[in-house]
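S.K.: Input structure: upload32.cif, which contains mmCIF, C-alpha atoms.
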```cif
data_query
#
loop_
_atom_site.label_atom_id
_atom_site.label_comp_id
_atom_site.auth_asym_id
_atom_site.auth_seq_id
_atom_site.Cartn_x
_atom_site.Cartn_y
_atom_site.Cartn_z
CA MET C 193 51.13 42.56 95.37
CA GLU C 194 48.00 43.34 97.39
CA LYS C 195 46.81 39.75 97.12
CA THR C 196 50.18 38.49 98.33
CA ILE C 197 50.07 40.79 101.34
CA ARG C 198 46.56 39.66 102.23
CA ARG C 199 47.61 36.03 101.95
CA TYR C 200 50.80 36.30 104.00
CA TRP C 201 49.81 39.03 106.48
CA PRO C 202 50.48 36.76 109.50
CA VAL C 203 54.16 36.61 108.49
CA PHE C 204 54.38 40.39 109.00
CA VAL C 205 51.95 40.85 111.88
CA VAL C 206 52.73 37.92 114.20
CA PRO C 207 56.42 38.73 114.94
CA THR C 208 55.63 42.37 115.70
CA LEU C 209 52.58 41.48 117.77
CA ALA C 210 54.55 38.86 119.70
CA ALA C 211 57.35 41.33 120.42
CA PHE C 212 54.80 43.91 121.61
CA ILE C 213 53.10 41.42 123.93
CA ILE C 214 56.37 40.05 125.33
CA GLY C 215 58.11 43.40 125.63
CA PHE C 216 55.24 45.63 126.77
CA VAL C 217 51.86 44.04 127.53
CA TRP C 218 53.07 41.18 129.74
CA PRO C 219 55.59 43.29 131.75
CA PHE C 220 52.92 45.97 132.24
CA LEU C 221 50.36 43.47 133.55
CA GLN C 222 53.00 41.86 135.77
CA GLY C 223 54.01 45.27 137.10
CA LEU C 224 50.36 46.11 137.77
CA TYR C 225 50.00 42.93 139.84
CA LEU C 226 53.25 43.56 141.72
CA SER C 227 52.02 47.03 142.70
CA PHE C 228 49.62 45.24 145.07
CA CYS C 229 52.37 43.06 146.57
CA LYS C 230 55.36 43.05 148.87
CA PHE C 231 58.32 41.49 147.10
CA ILE C 232 62.06 41.37 146.70
CA THR C 233 62.07 39.07 143.68
CA ILE C 234 59.21 38.59 141.25
CA ASP C 235 58.70 34.91 142.08
CA ARG C 236 58.40 35.66 145.82
CA ALA C 237 55.63 38.23 145.95
CA SER C 238 52.97 38.31 148.66
CA PHE C 239 49.70 40.16 148.14
CA ASN C 240 49.53 43.41 150.10
CA GLY C 241 46.20 44.90 149.00
CA LEU C 242 45.94 48.67 148.64
CA LYS C 243 48.60 49.43 151.26
CA ASN C 244 51.19 50.33 148.62
CA TYR C 245 48.86 52.84 146.96
CA ILE C 246 47.77 54.33 150.28
CA PHE C 247 51.41 54.83 151.23
CA ALA C 248 52.28 56.35 147.84
CA LEU C 249 49.38 58.80 147.90
CA THR C 250 50.14 59.96 151.45
CA GLU C 251 53.95 60.09 151.36
CA SER C 252 55.11 63.71 151.58
CA ASP C 253 58.14 63.23 149.31
CA PHE C 254 56.02 61.71 146.53
CA LEU C 255 53.40 64.46 146.78
CA HIS C 256 56.10 67.12 146.71
CA ALA C 257 57.69 65.42 143.70
CA PHE C 258 54.32 65.52 141.93
CA TRP C 259 53.79 69.25 142.46
CA PHE C 260 57.41 70.02 141.65
CA THR C 261 57.14 68.00 138.44
CA ALA C 262 53.82 69.63 137.50
CA LEU C 263 55.24 73.13 138.00
CA PHE C 264 58.39 72.26 136.08
CA THR C 265 56.38 70.76 133.22
CA VAL C 266 54.14 73.82 132.89
CA VAL C 267 57.03 76.30 132.96
CA SER C 268 59.30 74.30 130.65
CA THR C 269 56.48 73.57 128.17
CA LEU C 270 55.62 77.25 127.86
CA CYS C 271 59.25 78.35 127.56
CA ILE C 272 60.18 75.63 125.05
CA ASN C 273 57.22 76.14 122.74
CA LEU C 274 57.23 79.93 122.79
CA ALA C 275 60.96 80.07 122.10
CA ALA C 276 60.82 77.32 119.46
CA LEU C 277 57.93 79.00 117.65
CA ALA C 278 59.67 82.39 117.72
CA ILE C 279 62.86 80.90 116.30
CA ALA C 280 60.89 78.96 113.66
CA LEU C 281 59.13 82.14 112.55
CA ALA C 282 62.48 83.91 112.27
CA LEU C 283 64.15 81.08 110.36
CA THR C 284 61.32 80.71 107.84
CA ARG C 285 62.01 84.20 106.62
CA GLU C 286 64.46 84.49 103.74
CA ILE C 287 67.63 85.32 105.65
CA LYS C 288 71.19 84.19 105.07
CA GLY C 289 72.54 81.22 107.03
CA THR C 290 69.14 79.72 107.80
CA ASN C 291 70.30 76.12 107.39
CA LEU C 292 73.33 76.76 109.61
CA PHE C 293 71.18 78.25 112.37
CA ARG C 294 68.75 75.32 112.17
CA SER C 295 71.60 72.83 112.56
CA VAL C 296 73.13 74.72 115.47
CA TYR C 297 69.83 74.98 117.35
CA PHE C 298 69.08 71.28 116.77
CA MET C 299 72.49 69.95 117.88
CA PRO C 300 71.85 69.99 121.69
CA ASN C 301 69.08 67.43 121.16
CA LEU C 302 71.69 64.94 119.94
CA ILE C 303 73.51 64.91 123.30
CA GLY C 304 72.40 62.39 125.92
CA GLY C 305 70.45 63.71 128.89
CA ILE C 306 72.84 62.38 131.53
CA VAL C 307 75.78 64.06 129.79
CA LEU C 308 73.88 67.34 129.50
CA GLY C 309 73.02 67.16 133.18
CA TYR C 310 76.66 66.90 134.26
CA ILE C 311 77.76 69.59 131.79
CA TRP C 312 75.16 72.08 132.98
CA ASN C 313 75.84 71.15 136.59
CA ILE C 314 79.44 72.30 136.16
CA LEU C 315 78.50 75.42 134.17
CA LEU C 316 75.73 76.62 136.48
CA ASN C 317 77.65 75.88 139.68
CA CYS C 318 80.62 77.85 138.32
CA VAL C 319 78.35 80.82 137.57
CA LEU C 320 76.70 80.61 141.00
CA THR C 321 80.11 80.41 142.69
CA LEU C 322 81.31 83.53 140.85
CA LEU C 323 78.14 85.34 141.93
CA GLY C 324 78.55 84.18 145.53
CA LYS C 325 75.27 82.21 145.47
CA PRO C 326 74.46 78.73 146.85
CA LEU C 327 75.13 75.76 144.57
CA LEU C 328 72.30 73.94 142.77
CA SER C 329 72.28 71.10 145.29
CA LEU C 330 72.01 73.55 148.21
CA HIS C 331 69.22 75.82 147.00
CA ALA C 332 66.00 74.37 145.58
CA PRO C 333 64.90 77.45 143.54
CA TYR C 334 68.26 77.51 141.75
CA GLY C 335 67.91 73.79 141.10
CA PHE C 336 64.47 74.36 139.57
CA ILE C 337 65.76 77.17 137.35
CA GLY C 338 68.72 75.03 136.32
CA LEU C 339 66.42 72.18 135.28
CA VAL C 340 64.27 74.56 133.20
CA ILE C 341 67.36 76.02 131.49
CA LEU C 342 68.74 72.56 130.72
CA MET C 343 65.41 71.31 129.36
CA CYS C 344 64.92 74.38 127.19
CA TRP C 345 68.46 74.20 125.81
CA GLN C 346 67.96 70.57 124.83
CA GLN C 347 64.40 70.65 123.49
CA ILE C 348 63.94 74.03 121.77
CA GLY C 349 65.85 72.99 118.65
CA TYR C 350 63.82 69.81 118.23
CA MET C 351 60.48 71.61 118.57
CA MET C 352 61.76 74.32 116.23
CA ILE C 353 62.17 71.76 113.45
CA ILE C 354 58.55 70.63 113.88
CA TYR C 355 57.29 74.21 113.82
CA ILE C 356 59.35 74.99 110.72
CA ALA C 357 57.84 71.98 108.95
CA GLY C 358 54.37 73.16 109.94
CA LEU C 359 54.99 76.72 108.74
CA GLN C 360 56.36 75.50 105.41
CA SER C 361 53.27 73.32 104.88
CA ILE C 362 50.90 76.32 105.02
CA PRO C 363 49.70 76.98 101.46
CA GLY C 364 51.22 80.14 100.04
CA ASP C 365 47.81 81.09 98.63
CA TYR C 366 46.53 81.69 102.16
CA LEU C 367 49.33 84.11 102.99
CA GLU C 368 49.10 85.87 99.63
CA ALA C 369 45.34 86.29 99.93
CA ALA C 370 45.71 87.73 103.44
CA ARG C 371 48.30 90.26 102.26
CA ILE C 372 46.10 91.27 99.30
CA ASP C 373 43.24 91.88 101.76
CA GLY C 374 45.54 94.24 103.67
CA ALA C 375 46.28 92.08 106.71
CA SER C 376 49.31 93.05 108.78
CA GLU C 377 52.02 90.56 109.74
CA ARG C 378 50.53 90.27 113.22
CA GLN C 379 47.08 89.55 111.80
CA ILE C 380 48.55 86.98 109.42
CA LEU C 381 50.26 85.30 112.36
CA TRP C 382 47.14 85.10 114.53
CA LYS C 383 44.51 84.53 111.85
CA VAL C 384 46.35 82.42 109.27
CA LYS C 385 49.60 80.89 110.53
CA LEU C 386 48.63 79.79 114.04
CA PRO C 387 45.29 78.13 113.08
CA ASN C 388 47.04 76.19 110.31
CA LEU C 389 49.92 75.40 112.67
CA MET C 390 47.72 73.62 115.23
CA PRO C 391 48.80 70.08 114.17
CA SER C 392 52.42 71.04 114.88
CA ILE C 393 51.42 72.72 118.14
CA THR C 394 49.59 69.53 119.16
CA ILE C 395 52.68 67.42 118.54
CA CYS C 396 55.06 69.83 120.29
CA LEU C 397 52.82 70.24 123.35
CA PHE C 398 52.43 66.47 123.60
CA LEU C 399 56.20 65.91 123.43
CA SER C 400 56.94 68.76 125.85
CA LEU C 401 54.40 67.57 128.42
CA THR C 402 55.44 63.93 128.32
CA ASN C 403 59.16 64.76 128.32
CA GLY C 404 58.66 67.10 131.28
CA PHE C 405 56.77 64.56 133.38
CA LYS C 406 59.12 61.69 132.47
CA LEU C 407 62.34 63.64 133.05
CA PHE C 408 64.84 61.46 134.90
CA ASP C 409 68.44 61.44 133.72
CA GLN C 410 68.81 65.23 133.63
CA ASN C 411 67.31 65.47 137.10
CA LEU C 412 69.64 62.77 138.40
CA ALA C 413 72.76 64.38 136.93
CA LEU C 414 71.98 68.05 137.60
CA THR C 415 70.65 68.06 141.17
CA GLY C 416 70.13 64.44 142.24
CA GLY C 417 66.99 65.64 144.03
CA ASP C 418 69.00 67.74 146.49
CA PRO C 419 68.63 69.53 148.77
CA ALA C 420 66.64 67.05 150.89
CA HIS C 421 64.51 65.81 147.95
CA LYS C 422 63.31 69.36 147.20
CA THR C 423 64.24 69.11 143.50
CA GLU C 424 63.29 65.45 143.14
CA MET C 425 60.89 64.78 140.27
CA LEU C 426 58.47 61.87 139.97
CA ALA C 427 60.68 59.53 137.94
CA LEU C 428 63.66 60.06 140.26
CA ASN C 429 61.46 59.62 143.34
CA ILE C 430 60.20 56.28 142.00
CA TYR C 431 63.75 55.18 141.22
CA GLN C 432 64.99 56.13 144.70
CA THR C 433 62.06 54.32 146.32
CA PHE C 434 62.54 51.12 144.34
CA TYR C 435 66.33 50.90 144.21
CA GLY C 436 67.52 53.23 146.95
CA ARG C 437 65.88 51.49 149.89
CA SER C 438 66.05 47.90 151.06
CA GLY C 439 63.13 45.75 152.17
CA PRO C 440 60.20 44.03 150.44
CA GLN C 441 57.76 46.82 151.23
CA TRP C 442 59.78 49.45 149.36
CA LYS C 443 59.70 47.47 146.11
CA GLY C 444 55.92 47.39 146.30
CA TYR C 445 55.76 51.09 147.14
CA GLY C 446 57.96 51.93 144.18
CA GLN C 447 55.88 49.77 141.85
CA ALA C 448 52.65 51.41 143.02
CA LYS C 449 54.16 54.83 142.42
CA ALA C 450 55.18 53.73 138.92
CA VAL C 451 51.61 52.67 138.10
CA ILE C 452 50.23 55.97 139.41
CA PHE C 453 52.86 57.81 137.39
CA CYS C 454 51.96 55.88 134.22
CA VAL C 455 48.23 56.55 134.59
CA LEU C 456 48.90 60.22 135.33
CA VAL C 457 50.99 60.73 132.19
CA ILE C 458 48.42 58.91 130.03
CA VAL C 459 45.48 60.96 131.35
CA ILE C 460 47.28 64.30 130.98
CA SER C 461 48.49 63.42 127.47
CA LEU C 462 45.03 62.35 126.30
CA PHE C 463 43.46 65.49 127.75
CA GLN C 464 46.03 67.68 125.99
CA LEU C 465 45.61 65.86 122.67
CA ARG C 466 41.83 66.21 122.81
CA ALA C 467 42.02 69.90 123.73
CA THR C 468 44.44 70.87 120.97
CA ARG C 469 43.09 68.61 118.21
CA SER C 470 39.67 70.22 118.59
CA LYS C 471 41.23 73.49 117.43
CA GLU C 472 42.90 72.10 114.33
CA VAL C 473 41.59 73.30 110.98
CA GLN C 474 41.45 71.48 107.68
CA GLN C 475 43.54 72.94 104.88
#
```
Turn this file's structure into structure tokens for me.
M.R.:
Amino acid sequence: MEKTIRRYWPVFVVPTLAAFIIGFVWPFLQGLYLSFCKFITIDRASFNGLKNYIFALTESDFLHAFWFTALFTVVSTLCINLAALAIALALTREIKGTNLFRSVYFMPNLIGGIVLGYIWNILLNCVLTLLGKPLLSLHAPYGFIGLVILMCWQQIGYMMIIYIAGLQSIPGDYLEAARIDGASERQILWKVKLPNLMPSITICLFLSLTNGFKLFDQNLALTGGDPAHKTEMLALNIYQTFYGRSGPQWKGYGQAKAVIFCVLVIVISLFQLRATRSKEVQQ
């Protein structure tokens, strides 16, 4: 079998490699070139130098979207992972109905983001109306809180599953030895469970950070960036720049923003992966 695979490896590798180049590498390189151009269609692009990047890095709406996205990502990442870990710790104890609770917590992740956005838009606006408060689209702080609530409701169950898998993979000998040595449950959590849970924490932090920075459909459905672009995140700002405005310069501006956005997400993700992987322990 191994000899056959070595002999016919191009049959398996070439189609996948070709699909990757056609579907990702070539469009990425083309998009990188277009970020330096003014264009309406791809075959009619004129080189524009660094003007697109200068505009993107000095535009107030884009800078506000960056800081708004960064704040949202930090808050949502902390809330999601703390809540998911707490629920995972509770559901790995021998209590009745554990499987039912796991299924219920995971179900929101199965609903599409755009649908969740519209559902929570109706729910939160109804609550705000009953309380006599401004609607989400009229008050930026409420819009921010609504986005955090929506993101947590959707993502906590998914992260919980990863944490449960990590907790169940910890050798029982470690826990038993700690209890024999007289360690309390808090000491077991901090000294045994969390160090051995670092691979799961790495994965969950990576997913939370990237999902937070790339959030688009929930933002579009819940607030649409209102009021006056105050709740507009990076992905929505890029979309509005590229598709919401007419003229060849705006396509180039939007493409430059997309490249900056891509590099930003890659750098932050690599930094997070390096920081958390350095704390992982070998079982």
S.K.: Which distance in Å separates CA of Cys318 (chain C) and CA of Gly416 (chain C), to one decimal?
M.R.: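 Calculated distance between CA of Cys318 (chain C) and CA of Gly416 (chain C) is 17.5 Å.
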S.K.: Tell me, in Å to one decimal, how far CA of Ile311 (chain C) is from CA of Thr433 (chain C).
M.R.: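 Rounded to one decimal, the two atoms are 26.3 Å apart.
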S.K.: Taking (54.3, 54.9, 143.0) in the file's coordinates, which residues come within 12 Å, counting only C-alpha atoms, written as an MDAnalysis selection string?
M.R.: chainID C and resid 223:224 226:228 242:251 253:255 257:258 426:434 442:456
S.K.: Find the residue from C:Val459, C:Pro440, C:Lys383, C:Lys406 that sits nearest to Arg236 (chain C); use all atoms listed in the file when measuring.
M.R.: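 Counting all atoms listed in the file, the residue closest to Arg236 (chain C) is C:Pro440.
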S.K.: Pick out the closest residue to Leu367 (chain C) from this set: C:Phe463, C:Tyr200, C:Trp382, C:Tyr355. Count only C-alpha atoms.
M.R.: C:Trp382
S.K.: With distances taken over all atoms listed in the file, which residue among C:Leu302, C:Pro219, C:Asn317, C:Gln464 lies nearest Thr402 (chain C)?
M.R.: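 Of C:Leu302, C:Pro219, C:Asn317, C:Gln464, the one nearest Thr402 (chain C) is C:Gln464, counting all atoms listed in the file.
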S.K.: Evaluate the PyMOL selection byres ((chain C and resi 352) around 7) here and jot the selected residues down as a PyMOL selection string.
M.R.: chain C and resi 276-277+279-280+348-351+353-356
S.K.: Return as a list in words the set of residues that the PyMOL selection byres ((chain C and resi 260) around 10) yields on the displayed structure.
M.R.: Phe254, Leu255, His256, Ala257, Phe258, Trp259, Thr261, Ala262, Leu263, Phe264, Thr265, Phe336, Phe405, Lys422, Thr423, Glu424, Met425 and Leu426 of chain C
S.K.: Looking at C:Leu407, C:Leu462, C:Leu270, C:Leu412, which one is nearest to Ile393 (chain C), with distances taken over all atoms listed in the file?
M.R.: C:Leu270
S.K.: Determine the residue set returned by the PyMOL selection byres ((chain C and resi 334) around 12) for the present structure, and present it as a list in words.
M.R.: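 That selection, the PyMOL selection byres ((chain C and resi 334) around 12), comes back as Asn313, Leu316, Asn317, Val319, Leu320, Lys325, Pro326, Leu327, Leu328, Ser329, Leu330, His331, Ala332, Pro333, Gly335, Phe336, Ile337, Gly338, Leu339, Val340, Ile341, Leu414, Thr415, Asp418, Pro419, Lys422 and Thr423 of chain C.
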S.K.: From the options C:Ile458, C:Thr321, C:Gly439, C:Ala282, which residue's atoms come nearest to Lys230 (chain C), counting all atoms listed in the file?
M.R.: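 The answer is C:Gly439, which sits nearest to Lys230 (chain C).
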S.K.: Let me make sure I understand: among C:Leu281, C:Val457, C:Val307, C:Ala357, which one has the smallest atom-to-atom distance to Cys396 (chain C) if we use all atoms listed in the file?
M.R.: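 Among C:Leu281, C:Val457, C:Val307, C:Ala357, it is C:Ala357 that comes nearest to Cys396 (chain C).
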S.K.: Give me, please, the distance in Å between CA of Thr394 (chain C) and CA of Ala278 (chain C), quoted to one decimal.
M.R.: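 It comes out at 16.4 Å.
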S.K.: With N, CA and C atoms as the atom set, please write region 225-240 of chain C from the structure just given, as a PDB file, in the first residue's frame.
M.R.:
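So the final result, stored in result_12.pdb, reads:
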```
ATOM      1  N   TYR C 225      -2.395  42.949  -5.880  1.00  0.00           N
ATOM      2  CA  TYR C 225      -2.062  43.896  -6.958  1.00  0.00           C
ATOM      3  C   TYR C 225      -3.145  44.976  -7.086  1.00  0.00           C
ATOM      4  N   LEU C 226      -4.401  44.566  -7.026  1.00  0.00           N
ATOM      5  CA  LEU C 226      -5.497  45.523  -7.188  1.00  0.00           C
ATOM      6  C   LEU C 226      -5.564  46.527  -6.041  1.00  0.00           C
ATOM      7  N   SER C 227      -4.971  46.190  -4.894  1.00  0.00           N
ATOM      8  CA  SER C 227      -4.972  47.137  -3.777  1.00  0.00           C
ATOM      9  C   SER C 227      -4.108  48.358  -4.072  1.00  0.00           C
ATOM     10  N   PHE C 228      -3.289  48.283  -5.110  1.00  0.00           N
ATOM     11  CA  PHE C 228      -2.468  49.423  -5.526  1.00  0.00           C
ATOM     12  C   PHE C 228      -3.059  50.119  -6.754  1.00  0.00           C
ATOM     13  N   CYS C 229      -4.297  49.791  -7.108  1.00  0.00           N
ATOM     14  CA  CYS C 229      -4.888  50.297  -8.354  1.00  0.00           C
ATOM     15  C   CYS C 229      -6.214  51.002  -8.113  1.00  0.00           C
ATOM     16  N   LYS C 230      -6.606  51.778  -9.126  1.00  0.00           N
ATOM     17  CA  LYS C 230      -7.980  52.263  -9.238  1.00  0.00           C
ATOM     18  C   LYS C 230      -8.655  51.392 -10.282  1.00  0.00           C
ATOM     19  N   PHE C 231      -9.839  50.898  -9.988  1.00  0.00           N
ATOM     20  CA  PHE C 231     -10.487  49.997 -10.938  1.00  0.00           C
ATOM     21  C   PHE C 231     -11.979  49.917 -10.662  1.00  0.00           C
ATOM     22  N   ILE C 232     -12.700  49.581 -11.722  1.00  0.00           N
ATOM     23  CA  ILE C 232     -14.111  49.218 -11.605  1.00  0.00           C
ATOM     24  C   ILE C 232     -14.262  47.744 -11.939  1.00  0.00           C
ATOM     25  N   THR C 233     -13.589  47.310 -13.005  1.00  0.00           N
ATOM     26  CA  THR C 233     -13.501  45.893 -13.327  1.00  0.00           C
ATOM     27  C   THR C 233     -12.034  45.480 -13.293  1.00  0.00           C
ATOM     28  N   ILE C 234     -11.787  44.203 -13.111  1.00  0.00           N
ATOM     29  CA  ILE C 234     -10.429  43.709 -12.920  1.00  0.00           C
ATOM     30  C   ILE C 234      -9.553  43.955 -14.144  1.00  0.00           C
ATOM     31  N   ASP C 235     -10.145  43.857 -15.333  1.00  0.00           N
ATOM     32  CA  ASP C 235      -9.338  44.011 -16.552  1.00  0.00           C
ATOM     33  C   ASP C 235      -9.127  45.465 -16.939  1.00  0.00           C
ATOM     34  N   ARG C 236      -9.643  46.403 -16.128  1.00  0.00           N
ATOM     35  CA  ARG C 236      -9.442  47.828 -16.401  1.00  0.00           C
ATOM     36  C   ARG C 236      -8.928  48.517 -15.150  1.00  0.00           C
ATOM     37  N   ALA C 237      -7.785  48.074 -14.683  1.00  0.00           N
ATOM     38  CA  ALA C 237      -7.190  48.622 -13.471  1.00  0.00           C
ATOM     39  C   ALA C 237      -5.998  49.500 -13.834  1.00  0.00           C
ATOM     40  N   SER C 238      -5.907  50.660 -13.203  1.00  0.00           N
ATOM     41  CA  SER C 238      -4.773  51.566 -13.421  1.00  0.00           C
ATOM     42  C   SER C 238      -4.016  51.725 -12.107  1.00  0.00           C
ATOM     43  N   PHE C 239      -2.695  51.629 -12.190  1.00  0.00           N
ATOM     44  CA  PHE C 239      -1.858  51.659 -10.994  1.00  0.00           C
ATOM     45  C   PHE C 239      -2.004  52.998 -10.271  1.00  0.00           C
ATOM     46  N   ASN C 240      -2.141  52.903  -8.936  1.00  0.00           N
ATOM     47  CA  ASN C 240      -2.409  54.096  -8.138  1.00  0.00           C
ATOM     48  C   ASN C 240      -1.376  54.289  -7.039  1.00  0.00           C
TER      49      ASN C 240
END
```
